[in-house]
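Asks: This is start.pdb, which holds PDB, N, CA and C atoms, pLDDT in the B column:
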ATOM      1  N   MET H   1     -15.604 124.310 106.114  1.00 83.00           N
ATOM      2  CA  MET H   1     -15.312 125.440 105.271  1.00 83.00           C
ATOM      3  C   MET H   1     -15.271 126.683 106.148  1.00 83.00           C
ATOM      4  N   ILE H   2     -14.202 127.411 106.055  1.00 91.00           N
ATOM      5  CA  ILE H   2     -14.042 128.636 106.833  1.00 91.00           C
ATOM      6  C   ILE H   2     -14.477 129.812 105.979  1.00 91.00           C
ATOM      7  N   ASP H   3     -15.360 130.642 106.521  1.00 92.00           N
ATOM      8  CA  ASP H   3     -15.798 131.872 105.880  1.00 92.00           C
ATOM      9  C   ASP H   3     -16.263 131.658 104.435  1.00 92.00           C
ATOM     10  N   PRO H   4     -17.321 130.862 104.248  1.00 94.00           N
ATOM     11  CA  PRO H   4     -17.795 130.604 102.886  1.00 94.00           C
ATOM     12  C   PRO H   4     -18.335 131.872 102.230  1.00 94.00           C
ATOM     13  N   THR H   5     -18.170 131.932 100.916  1.00 93.00           N
ATOM     14  CA  THR H   5     -18.711 133.042 100.139  1.00 93.00           C
ATOM     15  C   THR H   5     -20.227 132.893 100.041  1.00 93.00           C
ATOM     16  N   PRO H   6     -20.923 133.941  99.626  1.00 93.00           N
ATOM     17  CA  PRO H   6     -22.368 133.798  99.416  1.00 93.00           C
ATOM     18  C   PRO H   6     -22.710 132.677  98.430  1.00 93.00           C
ATOM     19  N   ASN H   7     -21.930 132.541  97.380  1.00 92.00           N
ATOM     20  CA  ASN H   7     -22.182 131.456  96.428  1.00 92.00           C
ATOM     21  C   ASN H   7     -21.975 130.090  97.067  1.00 92.00           C
ATOM     22  N   GLU H   8     -20.949 129.962  97.884  1.00 94.00           N
ATOM     23  CA  GLU H   8     -20.706 128.688  98.559  1.00 94.00           C
ATOM     24  C   GLU H   8     -21.829 128.372  99.540  1.00 94.00           C
ATOM     25  N   ARG H   9     -22.316 129.377 100.253  1.00 95.00           N
ATOM     26  CA  ARG H   9     -23.439 129.154 101.171  1.00 95.00           C
ATOM     27  C   ARG H   9     -24.675 128.680 100.401  1.00 95.00           C
ATOM     28  N   ALA H  10     -24.950 129.322  99.275  1.00 96.00           N
ATOM     29  CA  ALA H  10     -26.098 128.931  98.452  1.00 96.00           C
ATOM     30  C   ALA H  10     -25.926 127.507  97.927  1.00 96.00           C
ATOM     31  N   ALA H  11     -24.709 127.155  97.539  1.00 96.00           N
ATOM     32  CA  ALA H  11     -24.440 125.808  97.029  1.00 96.00           C
ATOM     33  C   ALA H  11     -24.583 124.763  98.133  1.00 96.00           C
ATOM     34  N   ILE H  12     -24.142 125.090  99.338  1.00 96.00           N
ATOM     35  CA  ILE H  12     -24.297 124.174 100.476  1.00 96.00           C
ATOM     36  C   ILE H  12     -25.777 123.900 100.725  1.00 96.00           C
ATOM     37  N   LEU H  13     -26.576 124.949 100.730  1.00 97.00           N
ATOM     38  CA  LEU H  13     -28.013 124.776 100.953  1.00 97.00           C
ATOM     39  C   LEU H  13     -28.641 123.933  99.851  1.00 97.00           C
ATOM     40  N   HIS H  14     -28.215 124.140  98.621  1.00 97.00           N
ATOM     41  CA  HIS H  14     -28.752 123.348  97.514  1.00 97.00           C
ATOM     42  C   HIS H  14     -28.375 121.874  97.675  1.00 97.00           C
ATOM     43  N   GLY H  15     -27.115 121.604  98.026  1.00 97.00           N
ATOM     44  CA  GLY H  15     -26.701 120.222  98.267  1.00 97.00           C
ATOM     45  C   GLY H  15     -27.523 119.579  99.374  1.00 97.00           C
ATOM     46  N   GLY H  16     -27.825 120.352 100.415  1.00 97.00           N
ATOM     47  CA  GLY H  16     -28.666 119.856 101.495  1.00 97.00           C
ATOM     48  C   GLY H  16     -30.091 119.572 101.041  1.00 97.00           C
ATOM     49  N   ASP H  17     -30.617 120.454 100.204  1.00 97.00           N
ATOM     50  CA  ASP H  17     -31.957 120.227  99.655  1.00 97.00           C
ATOM     51  C   ASP H  17     -32.005 118.946  98.825  1.00 97.00           C
ATOM     52  N   MET H  18     -30.971 118.745  98.025  1.00 97.00           N
ATOM     53  CA  MET H  18     -30.902 117.539  97.203  1.00 97.00           C
ATOM     54  C   MET H  18     -30.806 116.286  98.083  1.00 97.00           C
ATOM     55  N   ALA H  19     -30.062 116.386  99.180  1.00 97.00           N
ATOM     56  CA  ALA H  19     -29.965 115.262 100.118  1.00 97.00           C
ATOM     57  C   ALA H  19     -31.323 114.956 100.723  1.00 97.00           C
ATOM     58  N   GLY H  20     -32.065 116.008 101.076  1.00 97.00           N
ATOM     59  CA  GLY H  20     -33.400 115.806 101.629  1.00 97.00           C
ATOM     60  C   GLY H  20     -34.320 115.096 100.658  1.00 97.00           C
ATOM     61  N   GLU H  21     -34.245 115.478  99.393  1.00 97.00           N
ATOM     62  CA  GLU H  21     -35.062 114.814  98.373  1.00 97.00           C
ATOM     63  C   GLU H  21     -34.688 113.343  98.254  1.00 97.00           C
ATOM     64  N   TYR H  22     -33.390 113.067  98.313  1.00 97.00           N
ATOM     65  CA  TYR H  22     -32.935 111.677  98.234  1.00 97.00           C
ATOM     66  C   TYR H  22     -33.438 110.875  99.435  1.00 97.00           C
ATOM     67  N   LEU H  23     -33.313 111.458 100.631  1.00 97.00           N
ATOM     68  CA  LEU H  23     -33.786 110.762 101.833  1.00 97.00           C
ATOM     69  C   LEU H  23     -35.284 110.510 101.751  1.00 97.00           C
ATOM     70  N   ASP H  24     -36.028 111.486 101.251  1.00 97.00           N
ATOM     71  CA  ASP H  24     -37.477 111.300 101.082  1.00 97.00           C
ATOM     72  C   ASP H  24     -37.761 110.153 100.122  1.00 97.00           C
ATOM     73  N   SER H  25     -36.966 110.060  99.054  1.00 96.00           N
ATOM     74  CA  SER H  25     -37.191 108.991  98.072  1.00 96.00           C
ATOM     75  C   SER H  25     -36.918 107.616  98.664  1.00 96.00           C
ATOM     76  N   LEU H  26     -35.990 107.551  99.634  1.00 96.00           N
ATOM     77  CA  LEU H  26     -35.701 106.273 100.300  1.00 96.00           C
ATOM     78  C   LEU H  26     -36.741 105.937 101.361  1.00 96.00           C
ATOM     79  N   GLY H  27     -37.332 106.982 101.918  1.00 96.00           N
ATOM     80  CA  GLY H  27     -38.289 106.770 102.999  1.00 96.00           C
ATOM     81  C   GLY H  27     -37.621 106.448 104.326  1.00 96.00           C
ATOM     82  N   LYS H  28     -36.360 106.835 104.469  1.00 94.00           N
ATOM     83  CA  LYS H  28     -35.676 106.627 105.742  1.00 94.00           C
ATOM     84  C   LYS H  28     -34.640 107.719 105.939  1.00 94.00           C
ATOM     85  N   SER H  29     -34.304 107.939 107.217  1.00 91.00           N
ATOM     86  CA  SER H  29     -33.337 108.998 107.510  1.00 91.00           C
ATOM     87  C   SER H  29     -32.303 108.578 108.552  1.00 91.00           C
ATOM     88  N   ASP H  30     -32.431 107.398 109.097  1.00 95.00           N
ATOM     89  CA  ASP H  30     -31.459 106.897 110.072  1.00 95.00           C
ATOM     90  C   ASP H  30     -30.232 106.401 109.316  1.00 95.00           C
ATOM     91  N   LEU H  31     -29.173 107.191 109.348  1.00 94.00           N
ATOM     92  CA  LEU H  31     -27.978 106.851 108.578  1.00 94.00           C
ATOM     93  C   LEU H  31     -27.366 105.518 108.992  1.00 94.00           C
ATOM     94  N   ALA H  32     -27.591 105.105 110.214  1.00 96.00           N
ATOM     95  CA  ALA H  32     -27.048 103.829 110.688  1.00 96.00           C
ATOM     96  C   ALA H  32     -27.674 102.646 109.949  1.00 96.00           C
ATOM     97  N   LEU H  33     -28.838 102.857 109.348  1.00 96.00           N
ATOM     98  CA  LEU H  33     -29.531 101.783 108.635  1.00 96.00           C
ATOM     99  C   LEU H  33     -29.249 101.786 107.136  1.00 96.00           C
ATOM    100  N   PHE H  34     -28.451 102.718 106.672  1.00 97.00           N
ATOM    101  CA  PHE H  34     -28.153 102.806 105.240  1.00 97.00           C
ATOM    102  C   PHE H  34     -27.215 101.678 104.815  1.00 97.00           C
ATOM    103  N   SER H  35     -27.458 101.160 103.638  1.00 97.00           N
ATOM    104  CA  SER H  35     -26.493 100.239 103.038  1.00 97.00           C
ATOM    105  C   SER H  35     -25.309 101.073 102.556  1.00 97.00           C
ATOM    106  N   SER H  36     -24.219 100.433 102.232  1.00 97.00           N
ATOM    107  CA  SER H  36     -23.071 101.189 101.733  1.00 97.00           C
ATOM    108  C   SER H  36     -23.410 101.882 100.412  1.00 97.00           C
ATOM    109  N   GLU H  37     -24.259 101.259  99.599  1.00 97.00           N
ATOM    110  CA  GLU H  37     -24.665 101.870  98.337  1.00 97.00           C
ATOM    111  C   GLU H  37     -25.514 103.117  98.573  1.00 97.00           C
ATOM    112  N   GLU H  38     -26.421 103.062  99.553  1.00 97.00           N
ATOM    113  CA  GLU H  38     -27.255 104.228  99.871  1.00 97.00           C
ATOM    114  C   GLU H  38     -26.408 105.366 100.431  1.00 97.00           C
ATOM    115  N   TRP H  39     -25.440 105.015 101.260  1.00 97.00           N
ATOM    116  CA  TRP H  39     -24.553 106.033 101.838  1.00 97.00           C
ATOM    117  C   TRP H  39     -23.755 106.711 100.730  1.00 97.00           C
ATOM    118  N   GLN H  40     -23.188 105.926  99.825  1.00 98.00           N
ATOM    119  CA  GLN H  40     -22.412 106.486  98.733  1.00 98.00           C
ATOM    120  C   GLN H  40     -23.296 107.362  97.842  1.00 98.00           C
ATOM    121  N   ALA H  41     -24.509 106.906  97.566  1.00 98.00           N
ATOM    122  CA  ALA H  41     -25.424 107.689  96.742  1.00 98.00           C
ATOM    123  C   ALA H  41     -25.762 109.017  97.422  1.00 98.00           C
ATOM    124  N   LEU H  42     -25.968 109.007  98.742  1.00 98.00           N
ATOM    125  CA  LEU H  42     -26.257 110.242  99.476  1.00 98.00           C
ATOM    126  C   LEU H  42     -25.099 111.230  99.340  1.00 98.00           C
ATOM    127  N   LEU H  43     -23.878 110.743  99.506  1.00 98.00           N
ATOM    128  CA  LEU H  43     -22.714 111.612  99.364  1.00 98.00           C
ATOM    129  C   LEU H  43     -22.618 112.176  97.950  1.00 98.00           C
ATOM    130  N   GLU H  44     -22.875 111.342  96.963  1.00 98.00           N
ATOM    131  CA  GLU H  44     -22.825 111.795  95.577  1.00 98.00           C
ATOM    132  C   GLU H  44     -23.890 112.858  95.304  1.00 98.00           C
ATOM    133  N   VAL H  45     -25.075 112.682  95.860  1.00 98.00           N
ATOM    134  CA  VAL H  45     -26.154 113.656  95.688  1.00 98.00           C
ATOM    135  C   VAL H  45     -25.744 115.004  96.282  1.00 98.00           C
ATOM    136  N   ILE H  46     -25.176 114.980  97.476  1.00 98.00           N
ATOM    137  CA  ILE H  46     -24.770 116.226  98.145  1.00 98.00           C
ATOM    138  C   ILE H  46     -23.668 116.925  97.359  1.00 98.00           C
ATOM    139  N   VAL H  47     -22.627 116.187  97.016  1.00 98.00           N
ATOM    140  CA  VAL H  47     -21.485 116.787  96.319  1.00 98.00           C
ATOM    141  C   VAL H  47     -21.897 117.277  94.933  1.00 98.00           C
ATOM    142  N   THR H  48     -22.679 116.487  94.216  1.00 97.00           N
ATOM    143  CA  THR H  48     -23.123 116.893  92.882  1.00 97.00           C
ATOM    144  C   THR H  48     -24.013 118.122  92.959  1.00 97.00           C
ATOM    145  N   GLY H  49     -24.941 118.141  93.911  1.00 97.00           N
ATOM    146  CA  GLY H  49     -25.807 119.309  94.079  1.00 97.00           C
ATOM    147  C   GLY H  49     -25.004 120.555  94.397  1.00 97.00           C
ATOM    148  N   TYR H  50     -24.031 120.429  95.274  1.00 96.00           N
ATOM    149  CA  TYR H  50     -23.162 121.557  95.639  1.00 96.00           C
ATOM    150  C   TYR H  50     -22.396 122.062  94.416  1.00 96.00           C
ATOM    151  N   CYS H  51     -21.727 121.145  93.727  1.00 96.00           N
ATOM    152  CA  CYS H  51     -20.895 121.539  92.580  1.00 96.00           C
ATOM    153  C   CYS H  51     -21.728 122.120  91.442  1.00 96.00           C
ATOM    154  N   ASP H  52     -22.870 121.510  91.159  1.00 95.00           N
ATOM    155  CA  ASP H  52     -23.726 122.016  90.088  1.00 95.00           C
ATOM    156  C   ASP H  52     -24.194 123.434  90.381  1.00 95.00           C
ATOM    157  N   ARG H  53     -24.621 123.691  91.627  1.00 96.00           N
ATOM    158  CA  ARG H  53     -25.103 125.025  91.975  1.00 96.00           C
ATOM    159  C   ARG H  53     -23.956 126.039  91.951  1.00 96.00           C
ATOM    160  N   LEU H  54     -22.796 125.648  92.451  1.00 93.00           N
ATOM    161  CA  LEU H  54     -21.656 126.558  92.453  1.00 93.00           C
ATOM    162  C   LEU H  54     -21.254 126.923  91.024  1.00 93.00           C
ATOM    163  N   ARG H  55     -21.269 125.932  90.132  1.00 92.00           N
ATOM    164  CA  ARG H  55     -20.952 126.180  88.723  1.00 92.00           C
ATOM    165  C   ARG H  55     -21.980 127.118  88.089  1.00 92.00           C
ATOM    166  N   ASP H  56     -23.255 126.887  88.389  1.00 91.00           N
ATOM    167  CA  ASP H  56     -24.323 127.733  87.862  1.00 91.00           C
ATOM    168  C   ASP H  56     -24.157 129.174  88.333  1.00 91.00           C
ATOM    169  N   LEU H  57     -23.899 129.352  89.611  1.00 92.00           N
ATOM    170  CA  LEU H  57     -23.720 130.698  90.160  1.00 92.00           C
ATOM    171  C   LEU H  57     -22.484 131.375  89.589  1.00 92.00           C
ATOM    172  N   ALA H  58     -21.415 130.617  89.396  1.00 88.00           N
ATOM    173  CA  ALA H  58     -20.200 131.190  88.803  1.00 88.00           C
ATOM    174  C   ALA H  58     -20.468 131.633  87.373  1.00 88.00           C
ATOM    175  N   GLY H  59     -21.250 130.864  86.639  1.00 83.00           N
ATOM    176  CA  GLY H  59     -21.605 131.238  85.273  1.00 83.00           C
ATOM    177  C   GLY H  59     -22.422 132.520  85.238  1.00 83.00           C
ATOM    178  N   ARG H  60     -23.336 132.664  86.179  1.00 82.00           N
ATOM    179  CA  ARG H  60     -24.128 133.899  86.265  1.00 82.00           C
ATOM    180  C   ARG H  60     -23.223 135.087  86.588  1.00 82.00           C
ATOM    181  N   ASP H  61     -22.301 134.884  87.522  1.00 73.00           N
ATOM    182  CA  ASP H  61     -21.356 135.951  87.871  1.00 73.00           C
ATOM    183  C   ASP H  61     -20.517 136.334  86.654  1.00 73.00           C
ATOM    184  N   ARG H  62     -20.068 135.326  85.915  1.00 72.00           N
ATOM    185  CA  ARG H  62     -19.257 135.584  84.727  1.00 72.00           C
ATOM    186  C   ARG H  62     -20.059 136.392  83.707  1.00 72.00           C
ATOM    187  N   GLY H  63     -21.323 136.031  83.533  1.00 69.00           N
ATOM    188  CA  GLY H  63     -22.177 136.758  82.605  1.00 69.00           C
ATOM    189  C   GLY H  63     -22.354 138.206  83.012  1.00 69.00           C
ATOM    190  N   ARG H  64     -22.538 138.456  84.305  1.00 69.00           N
ATOM    191  CA  ARG H  64     -22.668 139.837  84.786  1.00 69.00           C
ATOM    192  C   ARG H  64     -21.372 140.610  84.588  1.00 69.00           C
ATOM    193  N   LEU H  65     -20.251 139.969  84.867  1.00 67.00           N
ATOM    194  CA  LEU H  65     -18.958 140.638  84.690  1.00 67.00           C
ATOM    195  C   LEU H  65     -18.694 140.938  83.215  1.00 67.00           C
ATOM    196  N   ASP H  66     -19.002 139.995  82.363  1.00 66.00           N
ATOM    197  CA  ASP H  66     -18.805 140.215  80.933  1.00 66.00           C
ATOM    198  C   ASP H  66     -19.692 141.351  80.430  1.00 66.00           C
ATOM    199  N   GLY H  67     -20.914 141.442  80.980  1.00 64.00           N
ATOM    200  CA  GLY H  67     -21.835 142.504  80.592  1.00 64.00           C
ATOM    201  C   GLY H  67     -21.364 143.875  81.025  1.00 64.00           C
ATOM    202  N   MET H  68     -20.524 143.927  82.038  1.00 62.00           N
ATOM    203  CA  MET H  68     -20.022 145.193  82.545  1.00 62.00           C
ATOM    204  C   MET H  68     -18.771 145.664  81.793  1.00 62.00           C
ATOM    205  N   ALA H  69     -18.201 144.829  80.953  1.00 63.00           N
ATOM    206  CA  ALA H  69     -16.937 145.144  80.292  1.00 63.00           C
ATOM    207  C   ALA H  69     -17.000 146.459  79.510  1.00 63.00           C
ATOM    208  N   ASP H  70     -18.127 146.739  78.885  1.00 66.00           N
ATOM    209  CA  ASP H  70     -18.250 147.979  78.109  1.00 66.00           C
ATOM    210  C   ASP H  70     -18.352 149.210  78.986  1.00 66.00           C
ATOM    211  N   GLU H  71     -18.586 149.034  80.274  1.00 62.00           N
ATOM    212  CA  GLU H  71     -18.746 150.166  81.168  1.00 62.00           C
ATOM    213  C   GLU H  71     -17.417 150.677  81.725  1.00 62.00           C
ATOM    214  N   VAL H  72     -16.329 149.960  81.472  1.00 58.00           N
ATOM    215  CA  VAL H  72     -15.025 150.379  81.991  1.00 58.00           C
ATOM    216  C   VAL H  72     -14.556 151.580  81.167  1.00 58.00           C
ATOM    217  N   PRO H  73     -14.236 152.709  81.810  1.00 61.00           N
ATOM    218  CA  PRO H  73     -13.925 153.933  81.077  1.00 61.00           C
ATOM    219  C   PRO H  73     -12.514 153.999  80.506  1.00 61.00           C
ATOM    220  N   PHE H  74     -11.710 152.991  80.677  1.00 61.00           N
ATOM    221  CA  PHE H  74     -10.341 153.081  80.152  1.00 61.00           C
ATOM    222  C   PHE H  74      -9.997 151.846  79.361  1.00 61.00           C
TER
END
Would it be possible to restate this file's structure as C-alpha cells?

Replies:
Amino acid sequence: MIDPTPNERAAILHGGDMAGEYLDSLGKSDLALFSSEEWQALLEVIVTGYCDRLRDLAGRDRGRLDGMADEVPF
C-alpha cells in the first residue's frame, strides 16, 4: 500500500493485532509449520480485522461529517 491514510494505518495495525491473537491461540508462530487450513485462517483473520476496523472508522467519520452538516453557512 502506497501512502496509507490514517484510517488504513489503524486498520493495518488492528489486522496485525488480530493475527497475533490467532497465533497465540495456536501456540505456534513458524509459518513453515502451518497446515493449509491454519494458513488460510490466518489470512482470513488479518483481512477481516483490517476490513472491520476500516469500516468502523469510516462509519465514525461519516457520523462526524453528518454532524457538521448544520454548520455549513450556505

Asks: To one decimal place, how far is atom N of Thr5 in chain H from atom N of Arg53 in chain H in Å?

Replies: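 Going from atom N of Thr5 in chain H over to atom N of Arg53 in chain H covers 14.0 Å.
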
Asks: In Å, how far is it from atom N of Tyr22 in chain H to atom N of Ala10 in chain H?

Replies: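 Between atom N of Tyr22 in chain H and atom N of Ala10 in chain H the gap works out to 18.3 Å.
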
Asks: What does the distance between atom N of Asp61 in chain H and CA of Pro6 in chain H come to in Å, to one decimal place?

Replies: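 Taking atom N of Asp61 in chain H as the start and CA of Pro6 in chain H as the end point, the length is 11.9 Å.
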
Asks: I'd like the neighbourhood of Gly49 in chain H as a count of residues only, where a residue qualifies if any of its atoms comes within 5 Å (using only N, CA and C atoms), though same-chain residues fewer than 3 positions away should be ignored.

Replies: 6

Asks: Could you name the residues that touch Leu13 in chain H at 8 Å or less, counting only C-alpha atoms, but leaving out those on the same chain fewer than 4 positions away, as a VMD selection string?

Replies: chain H and resid 9 17 50

Asks: Run through the PyMOL selection byres (((chain H and resi 38 and name CA) around 12) and name CA) on the given coordinates and return the selected residues as JSON, numbers by chain.

Replies: {"H": [19, 22, 23, 25, 26, 27, 28, 29, 30, 31, 32, 33, 34, 35, 36, 37, 39, 40, 41, 42, 43, 44, 45]}

Asks: Residues of chain H classed as alpha helix (DSSP H) by DSSP on the backbone are to be reported as an NGL selection string.

Replies: :H and (6-26 or 36-68)

Asks: Report as a PDB file with N, CA and C atoms, in the frame of the given file all protein, DNA and RNA residues lying within 6 Å of Asn7 in chain H, evaluated on all atoms listed in the file, omitting residues in the same chain fewer than 4 positions from it.

Replies:
ATOM      1  N   ALA H  11     -24.709 127.155  97.539  1.00 96.00           N
ATOM      2  CA  ALA H  11     -24.440 125.808  97.029  1.00 96.00           C
ATOM      3  C   ALA H  11     -24.583 124.763  98.133  1.00 96.00           C
ATOM      4  N   ILE H  12     -24.142 125.090  99.338  1.00 96.00           N
ATOM      5  CA  ILE H  12     -24.297 124.174 100.476  1.00 96.00           C
ATOM      6  C   ILE H  12     -25.777 123.900 100.725  1.00 96.00           C
ATOM      7  N   LEU H  54     -22.796 125.648  92.451  1.00 93.00           N
ATOM      8  CA  LEU H  54     -21.656 126.558  92.453  1.00 93.00           C
ATOM      9  C   LEU H  54     -21.254 126.923  91.024  1.00 93.00           C
TER      10      LEU H  54
END
